[in-house]
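Shown below: entry_22.cif, with mmCIF, C-alpha atoms.
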data_protein
#
loop_
_atom_site.label_atom_id
_atom_site.label_comp_id
_atom_site.auth_asym_id
_atom_site.auth_seq_id
_atom_site.Cartn_x
_atom_site.Cartn_y
_atom_site.Cartn_z
CA MET A 26 109.75 97.98 70.20
CA GLY A 27 109.75 101.46 68.66
CA ARG A 28 109.14 104.64 70.57
CA PRO A 29 105.66 106.11 70.42
CA LYS A 30 105.19 109.36 68.55
CA ALA A 31 104.74 112.48 70.67
CA ASP A 32 100.95 112.44 70.28
CA GLU A 33 100.64 108.68 70.76
CA GLN A 34 100.20 106.71 73.99
CA GLY A 35 102.99 104.35 74.95
CA ALA A 36 102.30 100.66 75.54
CA PRO A 37 101.95 100.98 79.35
CA GLU A 38 99.45 103.83 79.00
CA LYS A 39 97.45 101.87 76.40
CA MET A 40 97.35 98.85 78.68
CA GLN A 41 96.36 100.97 81.69
CA HIS A 42 93.58 102.62 79.69
CA THR A 43 92.46 99.16 78.56
CA PHE A 44 92.52 97.93 82.16
CA TRP A 45 90.03 100.65 83.19
CA ARG A 46 87.75 99.89 80.21
CA LEU A 47 87.78 96.18 81.00
CA LEU A 48 87.11 96.81 84.71
CA GLU A 49 83.93 98.61 83.64
CA ALA A 50 82.81 95.53 81.74
CA LYS A 51 83.90 92.59 83.86
CA PRO A 52 85.16 91.62 87.33
CA TYR A 53 88.84 92.16 88.07
CA ALA A 54 89.33 88.43 88.71
CA GLN A 55 88.21 87.67 85.14
CA ILE A 56 90.57 90.09 83.38
CA ASN A 57 93.46 88.24 81.76
CA VAL A 58 96.47 89.02 79.59
CA SER A 59 94.63 88.01 76.41
CA ASP A 60 91.86 90.52 77.22
CA ILE A 61 94.42 93.30 77.68
CA THR A 62 96.38 92.53 74.51
CA ARG A 63 93.29 92.03 72.35
CA ALA A 64 91.58 95.24 73.54
CA SER A 65 94.74 97.38 73.48
CA GLY A 66 95.93 96.15 70.09
CA LEU A 67 99.27 95.10 71.60
CA ASN A 68 100.83 91.65 71.66
CA ARG A 69 101.76 89.39 74.58
CA SER A 70 105.43 90.29 74.20
CA ALA A 71 104.59 93.95 74.75
CA PHE A 72 102.56 93.06 77.82
CA TYR A 73 105.33 90.93 79.34
CA TYR A 74 107.96 93.50 78.45
CA HIS A 75 106.24 95.95 80.82
CA TYR A 76 104.39 93.72 83.31
CA THR A 77 104.67 90.27 84.81
CA SER A 78 100.98 89.90 85.64
CA ILE A 79 97.55 91.52 85.68
CA PRO A 80 97.99 92.55 89.34
CA GLU A 81 101.18 94.40 88.38
CA LEU A 82 99.33 96.19 85.57
CA ALA A 83 96.47 97.00 87.98
CA ASP A 84 98.95 98.38 90.52
CA ASP A 85 100.51 100.56 87.83
CA ALA A 86 97.15 101.82 86.55
CA ILE A 87 95.99 102.59 90.08
CA ALA A 88 99.31 104.25 90.99
CA SER A 89 98.93 106.47 87.91
CA LEU A 90 95.41 107.38 89.04
CA TYR A 91 96.63 108.18 92.55
CA ALA A 92 99.47 110.31 91.14
CA GLU A 93 96.95 112.59 89.43
CA SER A 94 96.61 115.73 91.54
CA ASN A 95 92.83 115.66 91.06
CA VAL A 96 92.50 112.45 93.05
CA ALA A 97 94.34 113.67 96.14
CA ALA A 98 92.66 117.09 95.93
CA PHE A 99 89.29 115.38 95.55
CA ILE A 100 89.83 113.29 98.70
CA VAL A 101 91.34 116.08 100.82
CA HIS A 102 88.80 118.73 99.84
CA LEU A 103 86.05 116.99 101.78
CA ILE A 104 87.84 117.22 105.12
CA ARG A 105 89.41 120.67 104.84
CA GLN A 106 86.74 122.59 106.75
CA PRO A 107 84.14 120.39 108.43
CA ASP A 108 81.66 123.22 109.15
CA ASP A 109 82.16 125.27 105.99
CA MET A 110 79.02 124.70 103.91
CA ASP A 111 80.54 126.65 101.01
CA ALA A 112 83.48 124.23 100.88
CA ILE A 113 81.12 121.25 100.96
CA SER A 114 78.92 122.82 98.28
CA ASP A 115 82.03 123.51 96.18
CA TYR A 116 82.95 119.85 96.57
CA GLY A 117 79.57 118.90 95.10
CA LYS A 118 80.08 121.25 92.18
CA ARG A 119 83.49 119.70 91.50
CA LEU A 120 81.69 116.44 90.87
CA THR A 121 80.32 117.96 87.67
CA ASP A 122 83.87 118.65 86.38
CA PRO A 123 84.83 116.02 83.75
CA GLU A 124 88.32 115.47 85.21
CA TYR A 125 86.90 114.94 88.71
CA LEU A 126 84.17 112.71 87.28
CA ASP A 127 86.82 110.55 85.61
CA CYS A 128 88.65 110.22 88.93
CA VAL A 129 85.43 109.36 90.79
CA HIS A 130 84.49 106.87 88.11
CA LYS A 131 87.84 105.08 88.39
CA LEU A 132 87.71 105.11 92.19
CA MET A 133 84.24 103.55 92.00
CA LEU A 134 85.47 100.91 89.57
CA ILE A 135 88.03 99.92 92.19
CA ALA A 136 85.49 99.88 95.02
CA GLY A 137 82.53 98.68 92.96
CA PRO A 138 81.22 95.23 92.14
CA HIS A 139 83.94 94.56 89.57
CA GLY A 140 86.77 95.39 91.96
CA SER A 141 88.33 93.02 94.46
CA ALA A 142 88.90 92.97 98.20
CA GLY A 143 92.59 93.72 97.61
CA LEU A 144 91.84 96.72 95.39
CA VAL A 145 89.33 98.09 97.92
CA ARG A 146 91.83 97.65 100.76
CA GLN A 147 94.44 99.53 98.71
CA LEU A 148 91.97 102.34 98.00
CA LYS A 149 90.96 102.67 101.66
CA ASN A 150 94.62 102.80 102.71
CA PHE A 151 95.27 105.48 100.09
CA VAL A 152 92.32 107.60 101.28
CA ILE A 153 93.31 107.25 104.93
CA ASP A 154 96.97 108.05 104.21
CA ILE A 155 95.99 111.23 102.33
CA TRP A 156 93.72 112.33 105.17
CA LEU A 157 96.32 111.61 107.85
CA SER A 158 98.97 113.49 105.90
CA SER A 159 96.64 116.48 105.47
CA ILE A 160 95.93 116.71 109.22
CA GLY A 161 99.52 115.97 110.25
CA VAL A 162 99.01 112.56 111.89
CA LYS A 163 101.43 109.68 111.30
CA PRO A 164 99.71 106.35 110.44
CA GLU A 165 101.89 104.43 112.89
CA SER A 166 100.72 106.67 115.74
CA LEU A 167 97.07 105.63 115.41
CA SER A 168 95.58 103.68 118.26
CA PRO A 169 93.26 100.76 117.43
CA VAL A 170 90.24 103.02 118.10
CA GLN A 171 91.63 105.73 115.81
CA ARG A 172 92.30 103.16 113.08
CA ILE A 173 88.69 101.96 113.31
CA THR A 174 87.50 105.58 113.15
CA ALA A 175 89.60 106.20 110.02
CA GLU A 176 88.29 102.98 108.42
CA PHE A 177 84.71 103.97 109.24
CA ALA A 178 85.22 107.40 107.65
CA ALA A 179 86.81 105.86 104.54
CA ASN A 180 83.90 103.43 104.21
CA GLY A 181 81.52 106.39 104.49
CA VAL A 182 83.24 108.21 101.64
CA LEU A 183 83.25 105.10 99.44
CA GLY A 184 79.54 104.64 100.14
CA MET A 185 78.86 108.28 99.33
CA LEU A 186 80.82 108.06 96.09
CA SER A 187 78.89 104.94 95.18
CA SER A 188 75.66 106.91 95.61
CA VAL A 189 77.05 109.78 93.54
CA GLN A 190 78.12 107.34 90.81
CA GLY A 191 74.60 105.89 90.70
CA MET A 192 73.08 109.39 90.49
CA LEU A 193 75.49 110.38 87.73
CA GLU A 194 74.65 107.26 85.73
CA SER A 195 70.91 107.85 86.11
CA LYS A 196 71.36 111.58 85.38
CA THR A 197 69.71 112.52 88.71
CA PHE A 198 72.78 114.09 90.33
CA ASP A 199 72.24 117.48 91.94
CA PRO A 200 75.47 119.09 93.25
CA ASP A 201 73.51 120.60 96.15
CA TRP A 202 72.72 117.07 97.35
CA LEU A 203 76.20 116.89 98.82
CA SER A 204 75.80 120.09 100.84
CA GLN A 205 72.50 118.83 102.21
CA SER A 206 73.84 115.38 103.09
CA PRO A 207 75.25 114.82 106.59
CA VAL A 208 77.94 112.49 105.21
CA PRO A 209 80.61 115.08 104.28
CA ARG A 210 80.36 116.90 107.61
CA THR A 211 80.35 113.63 109.57
CA VAL A 212 83.35 112.24 107.70
CA SER A 213 85.22 115.50 108.14
CA GLN A 214 84.52 115.56 111.87
CA LEU A 215 85.62 111.94 112.24
CA VAL A 216 88.88 112.52 110.39
CA HIS A 217 89.68 115.71 112.29
CA SER A 218 88.93 113.92 115.57
CA LEU A 219 91.96 111.69 114.92
CA ARG A 220 94.15 114.62 116.00
CA GLU A 221 92.34 114.85 119.31
CA GLN A 222 92.11 111.21 120.40
#

Same coordinates, now as structure tokens:
Amino acid sequence: MGRPKADEQGAPEKMQHTFWRLLEAKPYAQINVSDITRASGLNRSAFYYHYTSIPELADDAIASLYAESNVAAFIVHLIRQPDDMDAISDYGKRLTDPEYLDCVHKLMLIAGPHGSAGLVRQLKNFVIDIWLSSIGVKPESLSPVQRITAEFAANGVLGMLSSVQGMLESKTFDPDWLSQSPVPRTVSQLVHSLREQ
């Protein structure tokens, strides 16, 4: 297999990009190797050279998404200052930035109707781990009540993002909606309370 040219995506990147496109169109459980190779223009040998299965490709695509600084910044920004309306309003305005929108869209593909329970669990764990790291709490130190609180907050964010995704698709999104919603403040307070429990 030859090396890609400098301006060309490599096979793993093509397959990851294809994974996201397919996840828009069909449930994760229905995506197969033939779909990936056909849509990416690569052959089965190329797929199996890089991956052993669709779950391995999904893990790689999701890990690449999580590695993007926008994703972590997007998740942390909400809980930085629970009572700072300017920060919450700024968060809403970020949702009109194309790079942030791409991150939100991919996060919603994971958590949406085409995702899977395993992908959602992975996303929730990622969100919770980022929050805990940002407030200086070790995951292993959480009590059962704190773990439930963190899960509840993560579910709230996923629900909020689902609403935002629907508004974006219907072109009814107003960035000020986020500053007027009680969800960001509530989630922020819940996450920050994990230090105090």

Result set, the PyMOL selection byres ((chain A and resi 64) around 10) on current file, as JSON, numbers by chain: {"A": [39, 40, 42, 43, 44, 46, 47, 58, 59, 60, 61, 62, 63, 65, 66, 67]}

Selected residues written out, C-alpha atoms, as a PDB file, in the coordinates of the input:
ATOM      1  CA  LYS A  39      97.450 101.870  76.400  1.00  0.00           C
ATOM      2  CA  MET A  40      97.350  98.850  78.680  1.00  0.00           C
ATOM      3  CA  HIS A  42      93.580 102.620  79.690  1.00  0.00           C
ATOM      4  CA  THR A  43      92.460  99.160  78.560  1.00  0.00           C
ATOM      5  CA  PHE A  44      92.520  97.930  82.160  1.00  0.00           C
ATOM      6  CA  ARG A  46      87.750  99.890  80.210  1.00  0.00           C
ATOM      7  CA  LEU A  47      87.780  96.180  81.000  1.00  0.00           C
ATOM      8  CA  VAL A  58      96.470  89.020  79.590  1.00  0.00           C
ATOM      9  CA  SER A  59      94.630  88.010  76.410  1.00  0.00           C
ATOM     10  CA  ASP A  60      91.860  90.520  77.220  1.00  0.00           C
ATOM     11  CA  ILE A  61      94.420  93.300  77.680  1.00  0.00           C
ATOM     12  CA  THR A  62      96.380  92.530  74.510  1.00  0.00           C
ATOM     13  CA  ARG A  63      93.290  92.030  72.350  1.00  0.00           C
ATOM     14  CA  SER A  65      94.740  97.380  73.480  1.00  0.00           C
ATOM     15  CA  GLY A  66      95.930  96.150  70.090  1.00  0.00           C
ATOM     16  CA  LEU A  67      99.270  95.100  71.600  1.00  0.00           C
TER      17      LEU A  67
END

What's around Gln41 of chain A at 9 Å? Count only C-alpha atoms, leave out sequence neighbours fewer than 4 positions away in its own chain, and write the answer as a PDB file with C-alpha atoms, in the coordinates of the input.
ATOM      1  CA  ALA A  36     102.300 100.660  75.540  1.00  0.00           C
ATOM      2  CA  PRO A  37     101.950 100.980  79.350  1.00  0.00           C
ATOM      3  CA  TRP A  45      90.030 100.650  83.190  1.00  0.00           C
ATOM      4  CA  ARG A  46      87.750  99.890  80.210  1.00  0.00           C
ATOM      5  CA  ILE A  61      94.420  93.300  77.680  1.00  0.00           C
ATOM      6  CA  LEU A  82      99.330  96.190  85.570  1.00  0.00           C
ATOM      7  CA  ALA A  83      96.470  97.000  87.980  1.00  0.00           C
ATOM      8  CA  ASP A  85     100.510 100.560  87.830  1.00  0.00           C
ATOM      9  CA  ALA A  86      97.150 101.820  86.550  1.00  0.00           C
ATOM     10  CA  ILE A  87      95.990 102.590  90.080  1.00  0.00           C
ATOM     11  CA  SER A  89      98.930 106.470  87.910  1.00  0.00           C
TER      12      SER A  89
END

Result set of the PyMOL selection byres ((chain A and resi 137) around 10) on the coordinates above, as a list in words: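 Applying the PyMOL selection byres ((chain A and resi 137) around 10) to the structure shown produces Leu48, Glu49, Pro52, His130, Lys131, Leu132, Met133, Leu134, Ile135, Ala136, Pro138, His139, Gly140, Ser141, Leu144, Val145, Leu183, Gly184, Ser187 and Gln190 of chain A.
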
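Distance-wise, atom CA of Thr121 of chain A and atom CA of Met185 of chain A end up 15.2 Å apart.
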
Reference answer for the PyMOL selection byres ((chain A and resi 128) around 10), as a ChimeraX atom specification: /A:90-91,93,95-97,99,120,123-127,129-134

Close residues, Ala175 of chain A itself excluded, 7 Å, all atoms listed in the file, min 3 positions apart in chain, as a ChimeraX atom specification: /A:153,171-172,178-179,216

Interatomic distance (Å, one decimal) between atom CA of Ile173 of chain A and atom CA of His102 of chain A: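 Pair atom CA of Ile173 of chain A / atom CA of His102 of chain A returns 21.5 Å.
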
Atomic distance atom CA of Lys51 of chain A - atom CA of Ala142 of chain A, expressed in Å with one decimal: 15.2 Å

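With all atoms listed in the file as the atoms that count, the minimum distance from Glu38 of chain A to the choices A:Gln55, A:Leu219, A:Val212, A:Ala88 is reached by A:Ala88.
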
Which residue of A:Leu148, A:Asn180, A:Ala98, A:Ile104 approaches Asp84 of chain A most closely, using only C-alpha atoms: A:Leu148

Which of A:Val208, A:Ala50, A:Arg220, A:Ser70 sits closest to Ser168 of chain A [using all atoms listed in the file]: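 Looking only at the distances to Ser168 of chain A, the closest residue turns out to be A:Arg220.
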
Nearest to Val162 of chain A by atom-to-atom distance, counting all atoms listed in the file, from A:Asn150, A:Ser213, A:Asn68, A:Ser218: A:Ser218

Residues within 6 Å of (87.8, 109.2, 101.5), counting all atoms listed in the file, listed as a PyMOL selection string: chain A and resi 100+152+179+182
